[in-house]
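Comments concern the structure below.
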2 protein chains.
Amino acid sequence: MMQDDFDRIMQTIGAQAKVASRQLRTATTAVKNNALHDAADGFIRDMDAILVANAKDVQAAKDRQLAPALQDRLALNPERITAMADGLRQVATLPDPVGAIDHMQYRPSGIQVGHMRVPLGVIGIIYESRPNVTADAAALCLKSGNAAVLRGGSESIHSNRAIATIFQQALAQANLPAESVQLLQQTDRALVGAMLRCADYIDVIVPRGGKSLIERVSADSCIPVIKHLDGICHVYIDADADVHKAVAIAVNAKTHRYGVCNAMETLLIHQHIAATVLPEIARIMQEKGVELRGCERACAVIPGMISATEEDWGTEYLAPVLSIRVVDDLDAALAHIERWSSAHTESIVTEHYSNGQRFLREVDSSSVMWNASTRFADGFEYGLGAEIGISTDRLHVRGPVGLEGLTTQKWIVMGNGEIRE
Amino acid sequence: MMQDDFDRIMQTIGAQAKVASRQLRTATTAVKNNALHDAADGFIRDMDAILVANAKDVQAAKDRQLAPALQDRLALNPERITAMADGLRQVATLPDPVGAIDHMQYRPSGIQVGHMRVPLGVIGIIYESRPNVTADAAALCLKSGNAAVLRGGSESIHSNRAIATIFQQALAQANLPAESVQLLQQTDRALVGAMLRCADYIDVIVPRGGKSLIERVSADSCIPVIKHLDGICHVYIDADADVHKAVAIAVNAKTHRYGVCNAMETLLIHQHIAATVLPEIARIMQEKGVELRGCERACAVIPGMISATEEDWGTEYLAPVLSIRVVDDLDAALAHIERWSSAHTESIVTEHYSNGQRFLREVDSSSVMWNASTRFADGFEYGLGAEIGISTDRLHVRGPVGLEGLTTQKWIVMGNGEIRE
């Protein structure tokens, strides 16, 4: 097939999604929730069909000798399918953002002006091997009144088809168009290119997966992308930090989970408190098997540490490795963050009011924290109820993206015959 | 010069703007307001210098025999300069959106989570011949904590330089970086291309001018664009409309000003009320010299009207021309709007509760009105205090864009040593 053919396929899918989105836009909360509950019931009822489809994907992955971690991400079992169904029921319990009216106020002309929250339209989701994303993403798009065009990894195509089919049955049962959730049936990479050119119909693209996927999508997309690339997160322990909190936060931010984007990658410590907190932090980290790489001053406190190079400040390890830098003061910490942060999440540990206030105000990241672990940068922890991704971009939405991030606002005006003089 | 040279110039300007934006990000409200007042004072004090510079532009426009309307847009006089200064003082009175904290709430983990409003960063403004945009745009960017890169029309280059110089003097006096507001000194069109590729430094582009400018900018930009293209606005007079309001709104929406994007271009009328309201509306419109183009049923009510063709439904006249269509019911009106609207502004005139509610909910435009003239779709009328443009896009901001539209939000977390378990 040629590029034109792929474009034609995507135009058809996109146009169908746009038509479906018009109906979804005004679907009632009850109808959307019913569909979510029906889909959850369907996952439990048709668990065997999902497992049979998934077994094909798992076998193919084995045959192709894909990495064990990838095989694990791919594999479903009754517990994972039940968790998927529970996830849908959880989305059904979330407040419906659509139609919410805000800040209606009278103007001197007599009109009342405010905002109404409305869906974005059609959301394209491009993801890798986890089949549960098919259900999660479809659920979040549906609840926020958007049509979804899903493009999962080719490794999980059979599982994704089984899940999407059940979801579409539930849509039909709720009298919603089946095209509200469409899974791309072909796994050609060229179809992704066509999807990213389908700006007439797709309003926003959300890539979910590794950095190379996200880079590729961002570079090729003609459609706005909600994404984050790196999570080079910092904790800064200020001179006036509470030592107990500082140790707990540093250890938690690094060691709670290593492979996550909100884990700390660099620890900054004020020179006056380094000798007090660093030995204890280093002891615990080393006990947990974390490799420490320090600047010269850090190495002077903890002899035997590996010397950090400039490359370390710009590396997202996603592993039990931590770089440590002793800084002169808050200004030096802010300058380091300005230079090296990926604008994901940074935290200051301090009891000093003005320093904490400055950090909150001056650090330009999607999440900025004071006396809390960077691991809290998460849709569930923030109370969004669910998360479709994280944005480190500036426009539209920053940080964890929940249902509201998949909506926008229109102005509404209620008058009594007012005209402009 | 080659493309590379222009790219190099823009990279330098962009990098300077980014550095300035870091300082602006945390500039206090008082400092920003002082700079605005100083610039306003400067416009009055150096009025002669502005007029001398402007005379050069006006003379060049005459020599080149540019259209009289363009010559008029270009020309400054003491009244217009005073209005420009007043505009700056007006922006100074607006509340500062930056740093505002919203919705801080405690989570079960003990952390407090909320939003802080922050500037977007660097805003690129591309505009045509009106020199006052130089002052307006600079003021709105400054007040919202953003650095501005301004690219005005080549016809007004001398005026723009004079205005930008005074603005920069005011910035210096307020101890803000002069690079907070940079005017491109070269008028080569290729520099616009370089600006639209400068995604490393410019966060958003706002084009201001005619449709061809906006189309060109949107097509070429690698940077998100805040824009609107067309204003094909509709008024729908429902069967249960109050006749007095219907006539007043229709006449005002069309005839208050013709060349504006929020003027009505198509009037939709429910079949049951057409014979009641259309003769009066037609009479007033014709008195005012508005050319009427009707569908078959409209022509049956008002004999002698020109027959509207399908092309009329898709035309933004920006002129004393109105297309009129009689529709079966609300559904038909909604279908017409869905098909032909440019998603700018639509209004329903009705006393019927459910029909009004449906219209507000179902019409997917940046402004949706009930019993009010479409002419109210405007930043000042909505209470934004000032307007940098109008967006008919879906992401980030829709409708009139004021200071808040030039900002974004970051998450802030205030804790007491919380860690994730």
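Residues are named by chain letter and number: chains run A, B, ... in the order of the structure tokens, numbers start at 1 in each chain, and ligands are numbered from 1 in the order shown.
Selecting strand (DSSP E) from the backbone DSSP output for range 41-108 of chain A yields Ile101, Asp102, His103, Met104, Gln105 and Tyr106 of chain A.
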With only C-alpha atoms as the counted atoms, please give the residues lying no more than 7 Å from range 115-132 of chain A, apart from itself and same-chain residues fewer than 4 positions off, as a PDB file with N, CA and C atoms, in the first residue's frame.
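Output contents, as saved in result_17.pdb:
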ATOM      1  N   ALA A  17     -15.152   8.883  13.348  1.00  0.00           N
ATOM      2  CA  ALA A  17     -14.937   9.301  14.734  1.00  0.00           C
ATOM      3  C   ALA A  17     -15.548  10.673  14.970  1.00  0.00           C
ATOM      4  N   LYS A  18     -15.395  11.573  13.995  1.00  0.00           N
ATOM      5  CA  LYS A  18     -15.927  12.932  14.155  1.00  0.00           C
ATOM      6  C   LYS A  18     -17.459  12.896  14.263  1.00  0.00           C
ATOM      7  N   SER A  21     -18.321  11.657  17.574  1.00  0.00           N
ATOM      8  CA  SER A  21     -18.021  12.628  18.634  1.00  0.00           C
ATOM      9  C   SER A  21     -19.148  13.632  18.811  1.00  0.00           C
ATOM     10  N   ARG A  25     -20.757  14.151  22.431  1.00  0.00           N
ATOM     11  CA  ARG A  25     -20.642  15.486  23.020  1.00  0.00           C
ATOM     12  C   ARG A  25     -21.797  15.781  23.974  1.00  0.00           C
ATOM     13  N   ARG A  73       4.639  -7.325  30.127  1.00  0.00           N
ATOM     14  CA  ARG A  73       3.677  -6.226  29.956  1.00  0.00           C
ATOM     15  C   ARG A  73       2.489  -6.664  29.107  1.00  0.00           C
ATOM     16  N   LEU A  74       2.765  -7.594  28.217  1.00  0.00           N
ATOM     17  CA  LEU A  74       1.776  -8.072  27.264  1.00  0.00           C
ATOM     18  C   LEU A  74       0.763  -9.034  27.888  1.00  0.00           C
ATOM     19  N   MET A  84      -8.728  -4.446  35.135  1.00  0.00           N
ATOM     20  CA  MET A  84      -9.140  -3.614  34.004  1.00  0.00           C
ATOM     21  C   MET A  84     -10.620  -3.256  34.133  1.00  0.00           C
ATOM     22  N   PRO A  97     -17.058  15.783  33.680  1.00  0.00           N
ATOM     23  CA  PRO A  97     -16.638  17.185  33.511  1.00  0.00           C
ATOM     24  C   PRO A  97     -17.481  17.946  32.487  1.00  0.00           C
ATOM     25  N   VAL A  98     -18.155  17.214  31.583  1.00  0.00           N
ATOM     26  CA  VAL A  98     -18.798  17.847  30.428  1.00  0.00           C
ATOM     27  C   VAL A  98     -20.062  18.600  30.839  1.00  0.00           C
ATOM     28  N   GLY A  99     -20.190  19.808  30.364  1.00  0.00           N
ATOM     29  CA  GLY A  99     -21.397  20.594  30.615  1.00  0.00           C
ATOM     30  C   GLY A  99     -21.308  21.443  31.872  1.00  0.00           C
ATOM     31  N   ALA A 100     -20.247  21.246  32.651  1.00  0.00           N
ATOM     32  CA  ALA A 100     -20.097  22.044  33.873  1.00  0.00           C
ATOM     33  C   ALA A 100     -19.986  23.519  33.511  1.00  0.00           C
ATOM     34  N   ILE A 101     -20.722  24.347  34.217  1.00  0.00           N
ATOM     35  CA  ILE A 101     -20.728  25.794  33.958  1.00  0.00           C
ATOM     36  C   ILE A 101     -20.033  26.501  35.114  1.00  0.00           C
ATOM     37  N   ASP A 102     -19.195  27.438  34.736  1.00  0.00           N
ATOM     38  CA  ASP A 102     -18.283  28.126  35.648  1.00  0.00           C
ATOM     39  C   ASP A 102     -18.453  29.621  35.597  1.00  0.00           C
ATOM     40  N   HIS A 103     -18.380  30.258  36.766  1.00  0.00           N
ATOM     41  CA  HIS A 103     -18.149  31.709  36.805  1.00  0.00           C
ATOM     42  C   HIS A 103     -19.135  32.542  36.003  1.00  0.00           C
ATOM     43  N   ASP A 136      -8.411   1.399  29.319  1.00  0.00           N
ATOM     44  CA  ASP A 136      -8.256   2.654  30.086  1.00  0.00           C
ATOM     45  C   ASP A 136      -8.515   3.876  29.219  1.00  0.00           C
ATOM     46  N   SER A 144     -15.203  11.542  29.105  1.00  0.00           N
ATOM     47  CA  SER A 144     -15.028  12.972  28.827  1.00  0.00           C
ATOM     48  C   SER A 144     -15.708  13.388  27.524  1.00  0.00           C
ATOM     49  N   GLY A 145     -16.518  12.481  26.940  1.00  0.00           N
ATOM     50  CA  GLY A 145     -17.335  12.847  25.783  1.00  0.00           C
ATOM     51  C   GLY A 145     -16.597  12.895  24.463  1.00  0.00           C
ATOM     52  N   ASN A 146     -15.410  12.299  24.418  1.00  0.00           N
ATOM     53  CA  ASN A 146     -14.621  12.315  23.192  1.00  0.00           C
ATOM     54  C   ASN A 146     -14.670  10.968  22.476  1.00  0.00           C
ATOM     55  N   ALA A 147     -14.586  10.989  21.164  1.00  0.00           N
ATOM     56  CA  ALA A 147     -14.372   9.764  20.403  1.00  0.00           C
ATOM     57  C   ALA A 147     -12.884   9.426  20.453  1.00  0.00           C
ATOM     58  N   ALA A 148     -12.586   8.121  20.439  1.00  0.00           N
ATOM     59  CA  ALA A 148     -11.199   7.676  20.534  1.00  0.00           C
ATOM     60  C   ALA A 148     -10.810   6.884  19.298  1.00  0.00           C
ATOM     61  N   VAL A 149      -9.626   7.182  18.792  1.00  0.00           N
ATOM     62  CA  VAL A 149      -9.012   6.357  17.749  1.00  0.00           C
ATOM     63  C   VAL A 149      -7.763   5.765  18.385  1.00  0.00           C
ATOM     64  N   LEU A 150      -7.758   4.441  18.536  1.00  0.00           N
ATOM     65  CA  LEU A 150      -6.703   3.770  19.289  1.00  0.00           C
ATOM     66  C   LEU A 150      -5.756   3.047  18.350  1.00  0.00           C
ATOM     67  N   ARG A 151      -4.469   3.230  18.566  1.00  0.00           N
ATOM     68  CA  ARG A 151      -3.482   2.511  17.795  1.00  0.00           C
ATOM     69  C   ARG A 151      -2.519   1.874  18.793  1.00  0.00           C
ATOM     70  N   GLY A 152      -2.750   0.588  19.072  1.00  0.00           N
ATOM     71  CA  GLY A 152      -1.899  -0.132  20.015  1.00  0.00           C
ATOM     72  C   GLY A 152      -0.722  -0.777  19.311  1.00  0.00           C
ATOM     73  N   GLY A 153       0.177  -1.314  20.104  1.00  0.00           N
ATOM     74  CA  GLY A 153       1.342  -1.994  19.540  1.00  0.00           C
ATOM     75  C   GLY A 153       0.936  -3.245  18.777  1.00  0.00           C
ATOM     76  N   GLU A 155       2.320  -6.020  18.802  1.00  0.00           N
ATOM     77  CA  GLU A 155       2.492  -7.234  19.611  1.00  0.00           C
ATOM     78  C   GLU A 155       1.208  -7.622  20.334  1.00  0.00           C
ATOM     79  N   SER A 156       0.339  -6.626  20.594  1.00  0.00           N
ATOM     80  CA  SER A 156      -0.847  -6.929  21.398  1.00  0.00           C
ATOM     81  C   SER A 156      -2.137  -6.835  20.577  1.00  0.00           C
ATOM     82  N   SER A 159      -5.142  -9.163  21.549  1.00  0.00           N
ATOM     83  CA  SER A 159      -5.729  -8.768  22.829  1.00  0.00           C
ATOM     84  C   SER A 159      -6.518  -7.473  22.673  1.00  0.00           C
ATOM     85  N   ASN A 160      -5.908  -6.511  21.981  1.00  0.00           N
ATOM     86  CA  ASN A 160      -6.576  -5.216  21.808  1.00  0.00           C
ATOM     87  C   ASN A 160      -7.897  -5.367  21.065  1.00  0.00           C
ATOM     88  N   TYR A 201      -9.689  15.662  11.297  1.00  0.00           N
ATOM     89  CA  TYR A 201     -10.638  14.924  12.140  1.00  0.00           C
ATOM     90  C   TYR A 201     -10.153  14.668  13.558  1.00  0.00           C
ATOM     91  N   ILE A 202      -8.839  14.554  13.744  1.00  0.00           N
ATOM     92  CA  ILE A 202      -8.332  14.233  15.082  1.00  0.00           C
ATOM     93  C   ILE A 202      -7.867  15.528  15.745  1.00  0.00           C
ATOM     94  N   ASP A 203      -8.368  15.787  16.954  1.00  0.00           N
ATOM     95  CA  ASP A 203      -8.087  17.066  17.604  1.00  0.00           C
ATOM     96  C   ASP A 203      -6.822  17.054  18.442  1.00  0.00           C
ATOM     97  N   VAL A 204      -6.482  15.906  18.986  1.00  0.00           N
ATOM     98  CA  VAL A 204      -5.272  15.843  19.809  1.00  0.00           C
ATOM     99  C   VAL A 204      -4.772  14.400  19.837  1.00  0.00           C
ATOM    100  N   ILE A 205      -3.452  14.270  19.934  1.00  0.00           N
ATOM    101  CA  ILE A 205      -2.803  12.949  19.978  1.00  0.00           C
ATOM    102  C   ILE A 205      -2.181  12.771  21.363  1.00  0.00           C
ATOM    103  N   VAL A 206      -2.420  11.607  21.958  1.00  0.00           N
ATOM    104  CA  VAL A 206      -1.768  11.283  23.228  1.00  0.00           C
ATOM    105  C   VAL A 206      -0.918  10.031  23.026  1.00  0.00           C
ATOM    106  N   PRO A 207       0.401  10.171  22.969  1.00  0.00           N
ATOM    107  CA  PRO A 207       1.253   8.984  22.877  1.00  0.00           C
ATOM    108  C   PRO A 207       1.556   8.437  24.268  1.00  0.00           C
ATOM    109  N   ARG A 208       1.476   7.135  24.402  1.00  0.00           N
ATOM    110  CA  ARG A 208       1.811   6.513  25.695  1.00  0.00           C
ATOM    111  C   ARG A 208       2.824   5.413  25.463  1.00  0.00           C
ATOM    112  N   GLY A 209       3.989   5.569  26.036  1.00  0.00           N
ATOM    113  CA  GLY A 209       5.004   4.539  25.862  1.00  0.00           C
ATOM    114  C   GLY A 209       6.372   5.107  26.123  1.00  0.00           C
ATOM    115  N   LEU A 406      -8.892  16.394  28.974  1.00  0.00           N
ATOM    116  CA  LEU A 406      -9.439  15.954  27.679  1.00  0.00           C
ATOM    117  C   LEU A 406     -10.643  16.798  27.278  1.00  0.00           C
ATOM    118  N   THR A 407     -10.853  17.883  27.990  1.00  0.00           N
ATOM    119  CA  THR A 407     -11.960  18.781  27.654  1.00  0.00           C
ATOM    120  C   THR A 407     -11.413  20.182  27.425  1.00  0.00           C
ATOM    121  N   THR A 408     -12.274  21.056  26.939  1.00  0.00           N
ATOM    122  CA  THR A 408     -11.926  22.461  26.774  1.00  0.00           C
ATOM    123  C   THR A 408     -13.146  23.263  27.235  1.00  0.00           C
ATOM    124  N   GLN A 409     -13.105  24.571  27.103  1.00  0.00           N
ATOM    125  CA  GLN A 409     -14.241  25.377  27.539  1.00  0.00           C
ATOM    126  C   GLN A 409     -14.740  26.256  26.412  1.00  0.00           C
ATOM    127  N   LYS A 410     -16.042  26.404  26.311  1.00  0.00           N
ATOM    128  CA  LYS A 410     -16.584  27.427  25.423  1.00  0.00           C
ATOM    129  C   LYS A 410     -17.207  28.510  26.297  1.00  0.00           C
ATOM    130  N   TRP A 411     -17.362  29.683  25.729  1.00  0.00           N
ATOM    131  CA  TRP A 411     -18.050  30.753  26.430  1.00  0.00           C
ATOM    132  C   TRP A 411     -19.552  30.581  26.237  1.00  0.00           C
ATOM    133  N   ILE A 412     -20.317  30.823  27.290  1.00  0.00           N
ATOM    134  CA  ILE A 412     -21.756  30.911  27.085  1.00  0.00           C
ATOM    135  C   ILE A 412     -22.249  32.261  27.595  1.00  0.00           C
TER     136      ILE A 412
ATOM    137  N   ARG B 394      -9.469  24.518  19.497  1.00  0.00           N
ATOM    138  CA  ARG B 394     -10.073  23.827  20.628  1.00  0.00           C
ATOM    139  C   ARG B 394      -9.130  23.782  21.836  1.00  0.00           C
TER     140      ARG B 394
END
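The shortest atom-to-atom distance to Ile232 in chain A, with only C-alpha atoms taken into account, belongs to A:Leu318 out of A:Leu213, A:Ile390, A:Leu318, A:Ala178.
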Just the helix (DSSP H, G or I) stuff from range 151-351 of chain B, please, per backbone DSSP, written as a ChimeraX atom specification. /B:154-173,178-180,189-196,211-220,243-255,271-287,296-301,310-313,330-340
Using C-alpha atoms, can you write the selected residues to a file as a short mmCIF file (atom, residue, chain, number, x, y, z; two decimals), in the first residue's frame?
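The result, stored in again-v7.cif:
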data_model
loop_
_atom_site.label_atom_id
_atom_site.label_comp_id
_atom_site.auth_asym_id
_atom_site.auth_seq_id
_atom_site.Cartn_x
_atom_site.Cartn_y
_atom_site.Cartn_z
CA SER B 154 6.85 46.45 6.85
CA GLU B 155 4.57 49.44 6.06
CA SER B 156 4.66 50.53 9.70
CA ILE B 157 8.28 49.75 10.52
CA HIS B 158 9.29 53.30 11.46
CA SER B 159 6.27 53.79 13.70
CA ASN B 160 6.77 50.39 15.30
CA ARG B 161 10.43 51.15 16.00
CA ALA B 162 9.57 54.43 17.67
CA ILE B 163 6.91 52.78 19.83
CA ALA B 164 9.10 49.79 20.74
CA THR B 165 11.99 52.06 21.69
CA ILE B 166 9.85 54.00 24.13
CA PHE B 167 8.51 50.74 25.56
CA GLN B 168 12.03 49.42 26.05
CA GLN B 169 13.09 52.61 27.81
CA ALA B 170 10.22 52.11 30.21
CA LEU B 171 11.31 48.50 30.79
CA ALA B 172 14.85 49.65 31.57
CA GLN B 173 13.52 52.24 33.99
CA ALA B 178 14.95 45.37 27.42
CA GLU B 179 14.69 41.99 25.64
CA SER B 180 11.30 41.51 27.31
CA ARG B 189 9.41 37.96 4.87
CA ALA B 190 11.91 35.11 5.28
CA LEU B 191 12.39 36.24 8.87
CA VAL B 192 8.76 35.36 9.55
CA GLY B 193 9.50 31.84 8.32
CA ALA B 194 12.47 31.66 10.68
CA MET B 195 10.28 32.91 13.53
CA LEU B 196 7.73 30.16 12.88
CA LYS B 211 -7.28 35.82 6.77
CA SER B 212 -4.41 35.33 4.33
CA LEU B 213 -1.85 36.26 6.99
CA ILE B 214 -3.41 33.87 9.47
CA GLU B 215 -3.61 31.05 6.95
CA ARG B 216 0.03 31.50 6.01
CA VAL B 217 1.17 31.58 9.61
CA SER B 218 -0.89 28.49 10.55
CA ALA B 219 0.34 26.50 7.60
CA ASP B 220 4.02 27.28 8.20
CA VAL B 243 -40.52 39.06 18.48
CA HIS B 244 -39.17 42.33 19.83
CA LYS B 245 -35.92 40.70 21.02
CA ALA B 246 -35.60 38.73 17.80
CA VAL B 247 -35.79 41.82 15.60
CA ALA B 248 -33.45 43.84 17.81
CA ILE B 249 -30.84 41.08 18.04
CA ALA B 250 -30.92 40.24 14.33
CA VAL B 251 -30.56 43.87 13.32
CA ASN B 252 -27.83 44.57 15.86
CA ALA B 253 -25.87 41.41 15.04
CA LYS B 254 -25.81 42.35 11.36
CA THR B 255 -25.74 46.13 11.20
CA GLN B 271 -40.80 28.27 9.78
CA HIS B 272 -43.64 29.09 12.20
CA ILE B 273 -42.34 32.55 13.02
CA ALA B 274 -40.89 33.56 9.65
CA ALA B 275 -44.02 35.37 8.47
CA THR B 276 -44.13 37.26 11.79
CA VAL B 277 -40.54 38.45 12.14
CA LEU B 278 -39.02 38.39 8.69
CA PRO B 279 -40.94 41.31 7.12
CA GLU B 280 -39.91 43.66 9.92
CA ILE B 281 -36.29 42.47 9.91
CA ALA B 282 -36.15 42.75 6.11
CA ARG B 283 -37.62 46.22 6.18
CA ILE B 284 -35.04 47.53 8.66
CA MET B 285 -32.15 45.77 6.94
CA GLN B 286 -33.14 47.12 3.55
CA GLU B 287 -33.49 50.61 5.02
CA GLU B 296 -36.76 29.58 -1.23
CA ARG B 297 -39.05 29.81 1.80
CA ALA B 298 -37.55 33.13 2.86
CA CYS B 299 -38.10 34.49 -0.63
CA ALA B 300 -41.71 33.37 -0.41
CA VAL B 301 -42.13 35.65 2.61
CA GLU B 310 -25.11 27.03 -1.14
CA GLU B 311 -22.03 29.24 -1.43
CA ASP B 312 -23.78 31.91 0.63
CA TRP B 313 -24.01 29.62 3.67
CA LEU B 330 -34.41 23.57 16.09
CA ASP B 331 -32.87 20.33 14.81
CA ALA B 332 -32.60 21.77 11.31
CA ALA B 333 -31.04 24.94 12.70
CA LEU B 334 -28.50 22.92 14.69
CA ALA B 335 -27.70 20.84 11.59
CA HIS B 336 -27.17 23.99 9.50
CA ILE B 337 -24.87 25.44 12.14
CA GLU B 338 -22.95 22.18 12.51
CA ARG B 339 -22.38 22.16 8.77
CA TRP B 340 -21.61 25.82 8.08
#
Given a cut-off of 6 Å, which residues of chain B touch chain A, counting only C-alpha atoms, written out as an NGL selection string? :B and (245 or 249 or 366-373 or 395-396 or 410-419)
Export, as a PDB file, in the first residue's frame, the selected residues with N, CA and C atoms.
ATOM      1  N   LYS B 245     -37.332  41.065  20.829  1.00  0.00           N
ATOM      2  CA  LYS B 245     -35.920  40.705  21.020  1.00  0.00           C
ATOM      3  C   LYS B 245     -35.328  40.167  19.722  1.00  0.00           C
ATOM      4  N   ILE B 249     -32.099  41.844  18.062  1.00  0.00           N
ATOM      5  CA  ILE B 249     -30.842  41.082  18.041  1.00  0.00           C
ATOM      6  C   ILE B 249     -30.374  40.866  16.605  1.00  0.00           C
ATOM      7  N   SER B 366     -17.047  28.705  19.863  1.00  0.00           N
ATOM      8  CA  SER B 366     -16.273  29.276  20.958  1.00  0.00           C
ATOM      9  C   SER B 366     -17.143  30.174  21.841  1.00  0.00           C
ATOM     10  N   SER B 367     -18.198  30.769  21.261  1.00  0.00           N
ATOM     11  CA  SER B 367     -19.187  31.485  22.070  1.00  0.00           C
ATOM     12  C   SER B 367     -20.584  31.037  21.641  1.00  0.00           C
ATOM     13  N   VAL B 368     -21.410  30.678  22.601  1.00  0.00           N
ATOM     14  CA  VAL B 368     -22.782  30.277  22.315  1.00  0.00           C
ATOM     15  C   VAL B 368     -23.708  31.125  23.180  1.00  0.00           C
ATOM     16  N   MET B 369     -24.692  31.780  22.536  1.00  0.00           N
ATOM     17  CA  MET B 369     -25.491  32.785  23.229  1.00  0.00           C
ATOM     18  C   MET B 369     -26.974  32.468  23.190  1.00  0.00           C
ATOM     19  N   TRP B 370     -27.686  33.029  24.150  1.00  0.00           N
ATOM     20  CA  TRP B 370     -29.128  32.837  24.264  1.00  0.00           C
ATOM     21  C   TRP B 370     -29.725  34.219  24.506  1.00  0.00           C
ATOM     22  N   ASN B 371     -30.476  34.670  23.540  1.00  0.00           N
ATOM     23  CA  ASN B 371     -31.115  35.989  23.635  1.00  0.00           C
ATOM     24  C   ASN B 371     -30.125  37.142  23.791  1.00  0.00           C
ATOM     25  N   ALA B 372     -29.056  37.103  23.009  1.00  0.00           N
ATOM     26  CA  ALA B 372     -28.116  38.229  23.008  1.00  0.00           C
ATOM     27  C   ALA B 372     -27.496  38.344  21.622  1.00  0.00           C
ATOM     28  N   SER B 373     -27.036  39.533  21.294  1.00  0.00           N
ATOM     29  CA  SER B 373     -26.429  39.783  19.987  1.00  0.00           C
ATOM     30  C   SER B 373     -25.038  39.162  19.901  1.00  0.00           C
ATOM     31  N   LEU B 395      -7.838  23.608  21.586  1.00  0.00           N
ATOM     32  CA  LEU B 395      -6.935  23.439  22.716  1.00  0.00           C
ATOM     33  C   LEU B 395      -6.570  24.771  23.367  1.00  0.00           C
ATOM     34  N   HIS B 396      -6.284  24.703  24.659  1.00  0.00           N
ATOM     35  CA  HIS B 396      -5.720  25.785  25.456  1.00  0.00           C
ATOM     36  C   HIS B 396      -6.709  26.917  25.717  1.00  0.00           C
ATOM     37  N   LYS B 410       0.669  25.541  36.603  1.00  0.00           N
ATOM     38  CA  LYS B 410       1.471  24.399  37.070  1.00  0.00           C
ATOM     39  C   LYS B 410       0.815  23.881  38.348  1.00  0.00           C
ATOM     40  N   TRP B 411       1.104  22.643  38.672  1.00  0.00           N
ATOM     41  CA  TRP B 411       0.613  22.072  39.929  1.00  0.00           C
ATOM     42  C   TRP B 411       1.555  22.485  41.047  1.00  0.00           C
ATOM     43  N   ILE B 412       0.996  22.819  42.194  1.00  0.00           N
ATOM     44  CA  ILE B 412       1.865  22.987  43.351  1.00  0.00           C
ATOM     45  C   ILE B 412       1.380  22.054  44.456  1.00  0.00           C
ATOM     46  N   VAL B 413       2.341  21.549  45.192  1.00  0.00           N
ATOM     47  CA  VAL B 413       2.069  20.605  46.281  1.00  0.00           C
ATOM     48  C   VAL B 413       2.755  21.145  47.534  1.00  0.00           C
ATOM     49  N   MET B 414       1.986  21.283  48.613  1.00  0.00           N
ATOM     50  CA  MET B 414       2.576  21.692  49.879  1.00  0.00           C
ATOM     51  C   MET B 414       2.371  20.553  50.865  1.00  0.00           C
ATOM     52  N   GLY B 415       3.476  20.082  51.402  1.00  0.00           N
ATOM     53  CA  GLY B 415       3.393  18.923  52.283  1.00  0.00           C
ATOM     54  C   GLY B 415       4.035  19.192  53.621  1.00  0.00           C
ATOM     55  N   ASN B 416       4.137  18.157  54.402  1.00  0.00           N
ATOM     56  CA  ASN B 416       4.762  18.254  55.717  1.00  0.00           C
ATOM     57  C   ASN B 416       5.662  17.040  55.904  1.00  0.00           C
ATOM     58  N   GLY B 417       6.398  16.722  54.834  1.00  0.00           N
ATOM     59  CA  GLY B 417       7.289  15.569  54.886  1.00  0.00           C
ATOM     60  C   GLY B 417       6.651  14.283  54.379  1.00  0.00           C
ATOM     61  N   GLU B 418       5.509  14.403  53.702  1.00  0.00           N
ATOM     62  CA  GLU B 418       4.822  13.183  53.235  1.00  0.00           C
ATOM     63  C   GLU B 418       5.667  12.409  52.227  1.00  0.00           C
ATOM     64  N   ILE B 419       5.582  11.095  52.333  1.00  0.00           N
ATOM     65  CA  ILE B 419       6.193  10.211  51.336  1.00  0.00           C
ATOM     66  C   ILE B 419       5.137   9.233  50.856  1.00  0.00           C
TER      67      ILE B 419
END
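The closest residue to Ala83 in chain A, picked from A:Ile44, A:Ile50, A:Val58, A:Ile388 and counting only C-alpha atoms, is A:Ile44.
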Do you have the CA of Ser391 in chain A-CA of Glu404 in chain B distance handy? 19.4 Å
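Straight-line separation from CA of Leu183 in chain A to CA of Asp4 in chain A: 20.0 Å.
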What is the CA of Val321 in chain B-CA of Met264 in chain B distance in Å, reported with one decimal? 9.7 Å
7 Å contact set for Leu292 in chain A, only C-alpha atoms, chain neighbours under 4 positions out, as an NGL selection string: :A and (305-306 or 321-323)
Quick one: everything within 9 Å of Asp200 in chain A, counting only C-alpha atoms, minus sequence neighbours fewer than 5 positions away in the same chain. Send it as a PyMOL selection string. chain A and resi 11+14-15
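In this comparison, which uses only C-alpha atoms, the residue of B:Ile226, B:Ala319, B:Ala139, B:Leu94 approaching Glu265 in chain B most closely is B:Ala319.
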